[in-house]
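*Asks:* One file is attached below, entry_1.txt, containing compact mmCIF, C-alpha atoms and all ligand atoms.
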# COMPACT_ATOMS: atom_id res chain seq x y z
CA MET A 1 -196.96 32.73 11.23
CA CYS A 2 -194.79 30.98 8.68
CA THR A 3 -193.70 27.45 9.46
CA THR A 4 -190.58 25.61 8.49
CA GLU A 5 -188.90 22.34 9.30
CA LYS A 6 -185.55 24.08 9.55
CA HIS A 7 -183.67 23.76 12.82
CA MET A 8 -181.47 26.72 13.58
CA ILE A 9 -178.80 26.94 16.25
CA VAL A 10 -178.02 30.20 18.01
CA ILE A 11 -174.67 30.26 19.79
CA GLY A 12 -174.71 32.56 22.81
CA ALA A 13 -177.56 33.48 25.15
CA GLY A 14 -176.75 37.17 25.47
CA ILE A 15 -179.17 39.88 24.37
CA MET A 16 -178.37 39.20 20.69
CA GLY A 17 -178.86 35.44 20.85
CA ALA A 18 -181.99 35.84 22.95
CA SER A 19 -183.49 38.30 20.48
CA ILE A 20 -182.60 36.14 17.47
CA ALA A 21 -184.06 33.07 19.19
CA TYR A 22 -187.29 34.90 20.03
CA HIS A 23 -187.72 36.25 16.50
CA LEU A 24 -186.99 32.84 14.92
CA ALA A 25 -189.29 30.97 17.31
CA SER A 26 -192.10 33.47 16.77
CA ARG A 27 -191.88 32.62 13.05
CA GLY A 28 -192.33 28.93 13.75
CA ILE A 29 -188.67 28.00 13.30
CA LYS A 30 -187.14 25.31 15.48
CA VAL A 31 -184.31 26.92 17.38
CA THR A 32 -181.75 25.79 19.90
CA VAL A 33 -179.88 28.43 21.88
CA ILE A 34 -176.64 27.15 23.30
CA ASP A 35 -174.38 28.90 25.80
CA LYS A 36 -171.13 27.81 27.40
CA ASP A 37 -172.21 29.48 30.62
CA GLN A 38 -175.49 31.09 31.75
CA PRO A 39 -177.74 33.56 29.89
CA SER A 40 -176.35 37.13 30.14
CA SER A 41 -172.98 35.90 31.39
CA GLY A 42 -171.12 37.77 28.60
CA ALA A 43 -171.07 41.48 27.77
CA THR A 44 -174.84 41.67 28.24
CA GLY A 45 -174.53 41.14 31.99
CA SER A 46 -172.26 44.23 32.28
CA SER A 47 -174.17 46.49 29.90
CA PHE A 48 -175.68 49.80 31.03
CA GLY A 49 -178.67 48.96 28.83
CA TRP A 50 -178.80 52.48 27.44
CA ILE A 51 -180.90 52.78 24.28
CA HIS A 52 -178.91 55.62 22.90
CA THR A 53 -180.37 57.33 19.84
CA THR A 54 -178.57 60.65 19.80
CA VAL A 55 -175.78 60.40 17.29
CA SER A 56 -175.04 62.71 14.40
CA ASP A 57 -176.99 62.01 11.19
CA ASP A 58 -173.87 60.91 9.31
CA ALA A 59 -172.79 58.38 11.98
CA PRO A 60 -172.64 54.88 10.45
CA ASP A 61 -174.95 53.52 13.14
CA ALA A 62 -177.44 56.43 13.16
CA PHE A 63 -180.14 54.55 11.24
CA LEU A 64 -179.86 51.40 13.36
CA ARG A 65 -179.88 53.32 16.64
CA ARG A 66 -183.00 55.26 15.72
CA ALA A 67 -184.79 52.26 14.23
CA SER A 68 -184.14 50.31 17.43
CA VAL A 69 -186.51 52.57 19.38
CA ALA A 70 -189.48 51.34 17.31
CA ASP A 71 -188.27 47.76 17.73
CA TRP A 72 -188.04 48.08 21.52
CA GLN A 73 -191.54 49.58 21.56
CA ARG A 74 -192.81 46.64 19.51
CA LEU A 75 -191.08 44.17 21.86
CA GLU A 76 -192.71 45.82 24.87
CA LYS A 77 -196.11 45.13 23.29
CA GLU A 78 -195.25 41.56 22.28
CA ILE A 79 -193.63 40.57 25.59
CA PRO A 80 -195.24 42.26 28.61
CA GLU A 81 -192.42 41.04 30.91
CA LEU A 82 -189.98 43.16 28.90
CA TRP A 83 -190.17 46.88 29.49
CA VAL A 84 -188.07 49.93 28.79
CA ASN A 85 -187.63 52.90 31.06
CA TRP A 86 -188.27 55.73 28.58
CA THR A 87 -186.92 58.53 30.74
CA GLY A 88 -184.69 60.15 28.13
CA ALA A 89 -181.02 60.75 28.89
CA LEU A 90 -178.86 63.68 29.93
CA SER A 91 -175.40 64.04 28.37
CA TYR A 92 -173.05 66.62 29.76
CA ASP A 93 -169.50 66.00 28.65
CA ASP A 94 -168.04 68.96 26.75
CA GLU A 95 -167.48 67.08 23.51
CA SER A 96 -171.11 66.04 22.98
CA LEU A 97 -172.37 69.53 23.85
CA GLU A 98 -170.23 71.22 21.22
CA SER A 99 -172.18 69.60 18.38
CA GLN A 100 -175.58 70.57 19.83
CA PRO A 101 -177.47 73.73 18.94
CA ASN A 102 -178.09 75.93 21.98
CA GLU A 103 -181.85 75.43 21.88
CA ASN A 104 -181.29 71.68 22.62
CA LEU A 105 -179.33 72.39 25.80
CA LEU A 106 -180.89 72.46 29.26
CA GLN A 107 -179.71 74.75 32.05
CA GLN A 108 -179.02 73.75 35.65
CA PRO A 109 -182.52 74.19 37.19
CA GLU A 110 -184.13 72.03 34.54
CA ILE A 111 -181.32 69.44 34.84
CA SER A 112 -181.90 69.22 38.61
CA ARG A 113 -185.64 68.81 38.07
CA LEU A 114 -185.06 65.89 35.68
CA GLU A 115 -182.33 64.31 37.81
CA PRO A 116 -182.88 65.30 41.47
CA ALA A 117 -180.17 62.85 42.63
CA PHE A 118 -177.43 65.07 41.18
CA ASN A 119 -175.26 66.42 44.04
CA ASN A 120 -173.38 68.61 41.65
CA PRO A 121 -175.50 69.22 38.56
CA PRO A 122 -173.63 70.33 35.44
CA ARG A 123 -174.17 73.87 34.18
CA ARG A 124 -175.56 72.66 30.86
CA ALA A 125 -176.62 69.28 29.47
CA TYR A 126 -178.17 67.83 26.37
CA TYR A 127 -181.51 66.07 26.93
CA ALA A 128 -182.10 63.15 24.56
CA VAL A 129 -185.86 62.86 24.91
CA TYR A 130 -186.22 59.56 23.03
CA ASP A 131 -183.49 57.62 24.83
CA GLY A 132 -184.37 54.81 27.22
CA ALA A 133 -182.83 52.09 29.33
CA VAL A 134 -183.52 48.41 29.85
CA ASP A 135 -182.32 46.01 32.47
CA PRO A 136 -180.23 43.92 30.07
CA ILE A 137 -180.38 40.77 32.19
CA ASP A 138 -184.15 40.92 32.66
CA ALA A 139 -184.66 41.71 28.97
CA THR A 140 -182.50 38.74 27.93
CA HIS A 141 -184.41 36.42 30.25
CA ALA A 142 -187.77 37.73 29.03
CA LEU A 143 -186.77 37.12 25.40
CA LEU A 144 -185.45 33.63 26.16
CA GLU A 145 -188.50 32.67 28.18
CA LYS A 146 -190.78 33.82 25.40
CA ALA A 147 -188.67 31.94 22.83
CA CYS A 148 -188.86 28.77 24.95
CA SER A 149 -192.62 29.18 25.37
CA LEU A 150 -192.78 29.19 21.57
CA GLY A 151 -190.82 25.94 21.35
CA ALA A 152 -187.17 27.00 21.47
CA THR A 153 -184.68 24.89 23.42
CA LEU A 154 -182.08 26.50 25.70
CA LYS A 155 -178.93 24.54 26.50
CA ILE A 156 -176.65 26.18 29.06
CA GLN A 157 -173.17 25.27 30.28
CA THR A 158 -172.48 23.69 26.91
CA PRO A 159 -169.53 25.18 25.02
CA VAL A 160 -169.44 25.06 21.24
CA ILE A 161 -166.00 23.70 20.44
CA GLY A 162 -166.20 23.25 16.68
CA PHE A 163 -168.34 23.37 13.57
CA LEU A 164 -169.62 20.75 11.19
CA GLN A 165 -169.17 21.68 7.58
CA ASN A 166 -170.60 20.42 4.31
CA GLY A 167 -168.87 22.14 1.40
CA ASN A 168 -169.08 25.85 2.13
CA HIS A 169 -171.95 25.46 4.57
CA VAL A 170 -171.76 25.13 8.31
CA THR A 171 -174.36 22.48 9.08
CA GLY A 172 -173.92 21.92 12.78
CA ILE A 173 -171.85 22.39 15.89
CA GLN A 174 -169.69 20.25 18.08
CA THR A 175 -170.03 20.29 21.84
CA PRO A 176 -168.35 18.05 24.42
CA GLU A 177 -171.58 16.00 24.39
CA GLY A 178 -171.42 15.41 20.63
CA VAL A 179 -172.71 17.06 17.50
CA LEU A 180 -175.89 19.07 17.08
CA ASN A 181 -177.09 19.43 13.52
CA ALA A 182 -178.78 22.49 12.15
CA ASP A 183 -181.39 22.33 9.38
CA ASN A 184 -182.54 19.01 10.80
CA PRO A 185 -186.08 18.27 11.97
CA GLU A 186 -184.80 15.99 14.75
CA ILE A 187 -183.61 17.99 17.76
CA PRO A 188 -181.32 17.39 19.40
CA ALA A 189 -179.56 15.16 16.91
CA ILE A 190 -176.39 14.05 18.65
CA TYR A 191 -174.17 11.65 16.72
CA ARG A 192 -170.61 11.33 15.55
CA PRO A 193 -169.50 14.12 13.23
CA ARG A 194 -168.85 13.53 9.54
CA ARG A 195 -166.33 16.28 9.44
CA ILE A 196 -165.28 18.82 12.00
CA ILE A 197 -163.49 22.04 11.20
CA SER A 198 -161.88 24.44 13.63
CA ALA A 199 -162.46 22.11 16.53
CA PRO A 200 -160.00 23.03 19.29
CA LYS A 201 -158.53 20.21 21.35
CA GLN A 202 -160.64 19.34 24.37
CA PRO A 203 -158.89 19.59 27.73
C1 LIG A 301 -169.59 47.93 30.54
C2 LIG A 301 -170.46 47.82 29.30
C3 LIG A 301 -171.49 48.73 29.11
C4 LIG A 301 -172.28 48.67 27.97
N1 LIG A 301 -173.31 49.55 27.84
C5 LIG A 301 -174.11 49.48 26.75
C6 LIG A 301 -175.23 50.34 26.63
O1 LIG A 301 -175.49 51.17 27.50
N2 LIG A 301 -176.02 50.24 25.54
C7 LIG A 301 -175.76 49.30 24.55
O2 LIG A 301 -176.52 49.24 23.58
N3 LIG A 301 -174.69 48.47 24.64
C8 LIG A 301 -173.89 48.53 25.71
N4 LIG A 301 -172.83 47.69 25.82
C9 LIG A 301 -172.61 46.74 24.74
C10 LIG A 301 -173.57 45.56 24.90
O3 LIG A 301 -173.51 45.07 26.22
C11 LIG A 301 -173.19 44.44 23.91
O4 LIG A 301 -173.19 44.97 22.60
C12 LIG A 301 -174.18 43.31 23.96
O5 LIG A 301 -174.41 42.87 25.30
C13 LIG A 301 -173.64 42.16 23.13
O6 LIG A 301 -174.57 41.11 23.25
P1 LIG A 301 -174.23 39.70 22.66
O7 LIG A 301 -175.42 38.83 22.93
O8 LIG A 301 -173.79 39.88 21.24
O9 LIG A 301 -172.91 39.21 23.44
P2 LIG A 301 -172.74 38.61 24.91
O10 LIG A 301 -173.67 39.19 25.90
O11 LIG A 301 -171.28 38.70 25.21
O12 LIG A 301 -173.17 37.10 24.72
C14 LIG A 301 -172.35 36.15 24.11
C15 LIG A 301 -172.68 34.82 24.77
O13 LIG A 301 -171.99 33.80 24.03
C16 LIG A 301 -171.56 32.82 24.93
N5 LIG A 301 -170.45 32.13 24.28
C17 LIG A 301 -169.25 32.64 23.92
N6 LIG A 301 -168.49 31.68 23.34
C18 LIG A 301 -169.22 30.55 23.35
C19 LIG A 301 -168.99 29.22 22.92
N7 LIG A 301 -167.83 28.85 22.34
N8 LIG A 301 -169.97 28.29 23.09
C20 LIG A 301 -171.15 28.63 23.64
N9 LIG A 301 -171.42 29.90 24.09
C21 LIG A 301 -170.47 30.82 23.94
C22 LIG A 301 -171.14 33.61 26.16
O14 LIG A 301 -171.17 32.79 27.33
C23 LIG A 301 -172.18 34.72 26.20
O15 LIG A 301 -173.28 34.40 27.06
C24 LIG A 301 -172.03 47.70 26.97
C25 LIG A 301 -171.01 46.76 27.17
C26 LIG A 301 -170.24 46.82 28.32
C27 LIG A 301 -169.15 45.79 28.52
In structure tokens, what does this structure look like?
*Replies:*
Amino acid sequence: MCTTEKHMIVIGAGIMGASIAYHLASRGIKVTVIDKDQPSSGATGSSFGWIHTTVSDDAPDAFLRRASVADWQRLEKEIPELWVNWTGALSYDDESLESQPNENLLQQPEISRLEPAFNNPPRRAYYAVYDGAVDPIDATHALLEKACSLGATLKIQTPVIGFLQNGNHVTGIQTPEGVLNADNPEIPAIYRPRRIISAPKQP
């Protein structure tokens, strides 16, 4: 593990912030995750949690989508509380089927075997064997808990209302409680800001 005295602030305790916090904390970095509400209260809380790998090779996100499977598998090993349901996925809208070779398409009996809850199974469907699904709320909590067990701090119900800037660098954040500095060994370091940019008026 590498160690550093740097303090990093992650704004937002959704799946992205939770993952960043976990990966920073597991490298020995001091990290504070700050959210205006609760963990998973943003888009993460509404997500289907589909780990969707089946895109065409020339799609701009094809590499990231496929690489994410290995990352989720690694996370499952590192954090036992986080697990993925690797069931694969059936797609059956006409548009996605058009781009698939016939040998990749399943017929109705096989579709019903894979998904017995179908009342009205489609005639044909594409089976993405490597797709999976996570519970996005549980996964976010597992990542945050692991980050906190490694020394991260989670501050909830604390909106970030502005940034502290030194030259071209953002060096901290402003909250209604005061300023929290990044890249500072003292956490939390709350004191009056030297300079605040983009700080909206407080109600
Ligand atoms: C209906 C739906 C279905 C989806 N299905 C899928 C899917 O199947 N597969 C998939 O990969 N993706 C899916 N997505 C997309 C996925 O949910 C998002 O890409 C992902 O959750 C984004 O995570 P995030 O952490 O970046 O953002 P968020 O989860 O939105 O987290 C942002 C956090 O920042 C906090 N915040 C915002 N402003 C401030 C502030 N000023 N101060 C402090 N905190 C602040 C918020 O409270 C929030 O908790 C879906 C999205 C939706 C809406």
*Asks:* Kindly provide, as a PyMOL selection string, all nucleotide and amino acid residues lying within 10 Å of ligand LIG 301 (chain A), counting all atoms listed in the file.
*Replies:* chain A and resi 10-20+33-53+65+68+132-137+140+155-162+173-175
*Asks:* Atom CA of Gln73 of chain A and atom CA of Arg124 of chain A are how many Å apart?
*Replies:*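 Distance between the two atoms: 29.6 Å.
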*Asks:* Expressed in Å to a single decimal, how great is the separation between atom CA of Leu90 of chain A and atom CA of Tyr127 of chain A?
*Replies:*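 Answer for the atom CA of Leu90 of chain A to atom CA of Tyr127 of chain A separation: 4.7 Å.
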*Asks:* Record the distance separating atom CA of Tyr126 of chain A and atom CA of Leu105 of chain A, expressed in Å with one decimal.
*Replies:*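 Interatomic distance, atom CA of Tyr126 of chain A to atom CA of Leu105 of chain A: 4.7 Å.
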*Asks:* Here is a test: counting all atoms listed in the file, which residue of A:Asn168, A:Arg123, A:Ile111, A:Val31 is nearest to Gly88 of chain A?
*Replies:* A:Ile111
*Asks:* Excluding same-chain residues fewer than 4 positions from Cys148 of chain A, what lies within 9 Å of it counting all atoms listed in the file, as an MDAnalysis selection string?
*Replies:* chainID A and resid 21:22 25 143:144 152:154
*Asks:* Taking into account all atoms listed in the file, which residue in the set A:Leu150, A:Glu115, A:Asp131, A:Ala125 is nearest to Trp86 of chain A?
*Replies:* A:Asp131
*Asks:* Considering only C-alpha atoms, can you say which of A:Asn119, A:Ser91, A:Ser149, A:Thr54 comes closest to Ser26 of chain A?
*Replies:*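 Of all the options, A:Ser149 lies closest to Ser26 of chain A.
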*Asks:* Measuring atom to atom with all atoms listed in the file, identify which of A:Leu164, A:Leu82, A:Gln108, A:His7 is nearest to Asp138 of chain A.
*Replies:* A:Leu82
*Asks:* Using all atoms listed in the file, find the one residue out of A:Ile29, A:Val129, A:Met8, A:Leu97 that sits nearest to Val69 of chain A.
*Replies:*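 Closest to Val69 of chain A of all the choices is A:Val129.
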*Asks:* With the input short on atoms, add all heavy atoms back to segment 55-66 of chain A and write it as a CSV table (one decimal), keeping the file's coordinate frame.
*Replies:*
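After the write, out-v7.csv holds the following:
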chain,number,residue,atom,x,y,z
A,55,VAL,N,-177.1,60.3,18.0
A,55,VAL,CA,-175.8,60.4,17.3
A,55,VAL,C,-176.0,61.3,16.1
A,55,VAL,O,-177.1,61.6,15.7
A,55,VAL,CB,-175.3,59.0,16.8
A,55,VAL,CG1,-174.8,58.1,17.9
A,55,VAL,CG2,-176.4,58.3,16.0
A,56,SER,N,-174.9,61.8,15.5
A,56,SER,CA,-175.0,62.7,14.4
A,56,SER,C,-175.6,61.9,13.2
A,56,SER,O,-175.4,60.7,13.1
A,56,SER,CB,-173.7,63.4,14.1
A,56,SER,OG,-172.8,62.4,13.7
A,57,ASP,N,-176.3,62.7,12.3
A,57,ASP,CA,-177.0,62.0,11.2
A,57,ASP,C,-176.1,61.2,10.3
A,57,ASP,O,-176.5,60.2,9.7
A,57,ASP,CB,-177.7,63.1,10.3
A,57,ASP,CG,-178.9,63.6,11.1
A,57,ASP,OD1,-179.3,63.0,12.0
A,57,ASP,OD2,-179.4,64.7,10.7
A,58,ASP,N,-174.8,61.6,10.2
A,58,ASP,CA,-173.9,60.9,9.3
A,58,ASP,C,-173.1,59.8,10.0
A,58,ASP,O,-172.3,59.1,9.4
A,58,ASP,CB,-172.9,61.9,8.6
A,58,ASP,CG,-172.1,62.7,9.7
A,58,ASP,OD1,-172.4,62.5,10.9
A,58,ASP,OD2,-171.2,63.4,9.3
A,59,ALA,N,-173.4,59.5,11.3
A,59,ALA,CA,-172.8,58.4,12.0
A,59,ALA,C,-173.2,57.1,11.3
A,59,ALA,O,-174.4,56.9,10.9
A,59,ALA,CB,-173.2,58.4,13.4
A,60,PRO,N,-172.3,56.1,11.2
A,60,PRO,CA,-172.6,54.9,10.4
A,60,PRO,C,-173.8,54.1,11.1
A,60,PRO,O,-174.5,53.4,10.5
A,60,PRO,CB,-171.3,54.1,10.4
A,60,PRO,CG,-170.4,54.8,11.3
A,60,PRO,CD,-170.9,56.2,11.6
A,61,ASP,N,-173.9,54.3,12.4
A,61,ASP,CA,-175.0,53.5,13.1
A,61,ASP,C,-176.2,54.3,13.4
A,61,ASP,O,-177.1,53.9,14.2
A,61,ASP,CB,-174.4,53.0,14.4
A,61,ASP,CG,-173.8,54.0,15.3
A,61,ASP,OD1,-173.6,55.2,14.8
A,61,ASP,OD2,-173.5,53.8,16.5
A,62,ALA,N,-176.3,55.5,12.8
A,62,ALA,CA,-177.4,56.4,13.2
A,62,ALA,C,-178.8,55.8,12.8
A,62,ALA,O,-179.7,55.8,13.6
A,62,ALA,CB,-177.3,57.8,12.4
A,63,PHE,N,-178.9,55.2,11.6
A,63,PHE,CA,-180.1,54.6,11.2
A,63,PHE,C,-180.5,53.4,12.2
A,63,PHE,O,-181.7,53.4,12.7
A,63,PHE,CB,-180.0,54.0,9.8
A,63,PHE,CG,-181.3,53.2,9.4
A,63,PHE,CD1,-182.4,53.9,9.1
A,63,PHE,CD2,-181.3,51.9,9.4
A,63,PHE,CE1,-183.6,53.2,8.7
A,63,PHE,CE2,-182.4,51.1,9.1
A,63,PHE,CZ,-183.6,51.8,8.8
A,64,LEU,N,-179.6,52.5,12.5
A,64,LEU,CA,-179.9,51.4,13.4
A,64,LEU,C,-180.3,51.9,14.7
A,64,LEU,O,-181.2,51.3,15.3
A,64,LEU,CB,-178.6,50.5,13.5
A,64,LEU,CG,-178.5,49.3,12.6
A,64,LEU,CD1,-177.2,48.6,12.9
A,64,LEU,CD2,-179.7,48.4,12.7
A,65,ARG,N,-179.6,52.8,15.3
A,65,ARG,CA,-179.9,53.3,16.6
A,65,ARG,C,-181.3,53.9,16.7
A,65,ARG,O,-182.0,53.6,17.6
A,65,ARG,CB,-178.9,54.4,17.0
A,65,ARG,CG,-177.6,53.9,17.5
A,65,ARG,CD,-176.7,55.1,17.9
A,65,ARG,NE,-175.4,54.6,18.3
A,65,ARG,CZ,-175.0,54.2,19.5
A,65,ARG,NH1,-175.9,54.1,20.5
A,65,ARG,NH2,-173.8,53.8,19.7
A,66,ARG,N,-181.7,54.7,15.7
A,66,ARG,CA,-183.0,55.3,15.7
A,66,ARG,C,-184.1,54.2,15.5
A,66,ARG,O,-185.1,54.2,16.1
A,66,ARG,CB,-183.1,56.4,14.7
A,66,ARG,CG,-182.2,57.6,15.3
A,66,ARG,CD,-181.9,58.6,14.3
A,66,ARG,NE,-180.9,59.5,14.8
A,66,ARG,CZ,-180.2,60.4,14.1
A,66,ARG,NH1,-180.5,60.6,12.8
A,66,ARG,NH2,-179.3,61.2,14.7
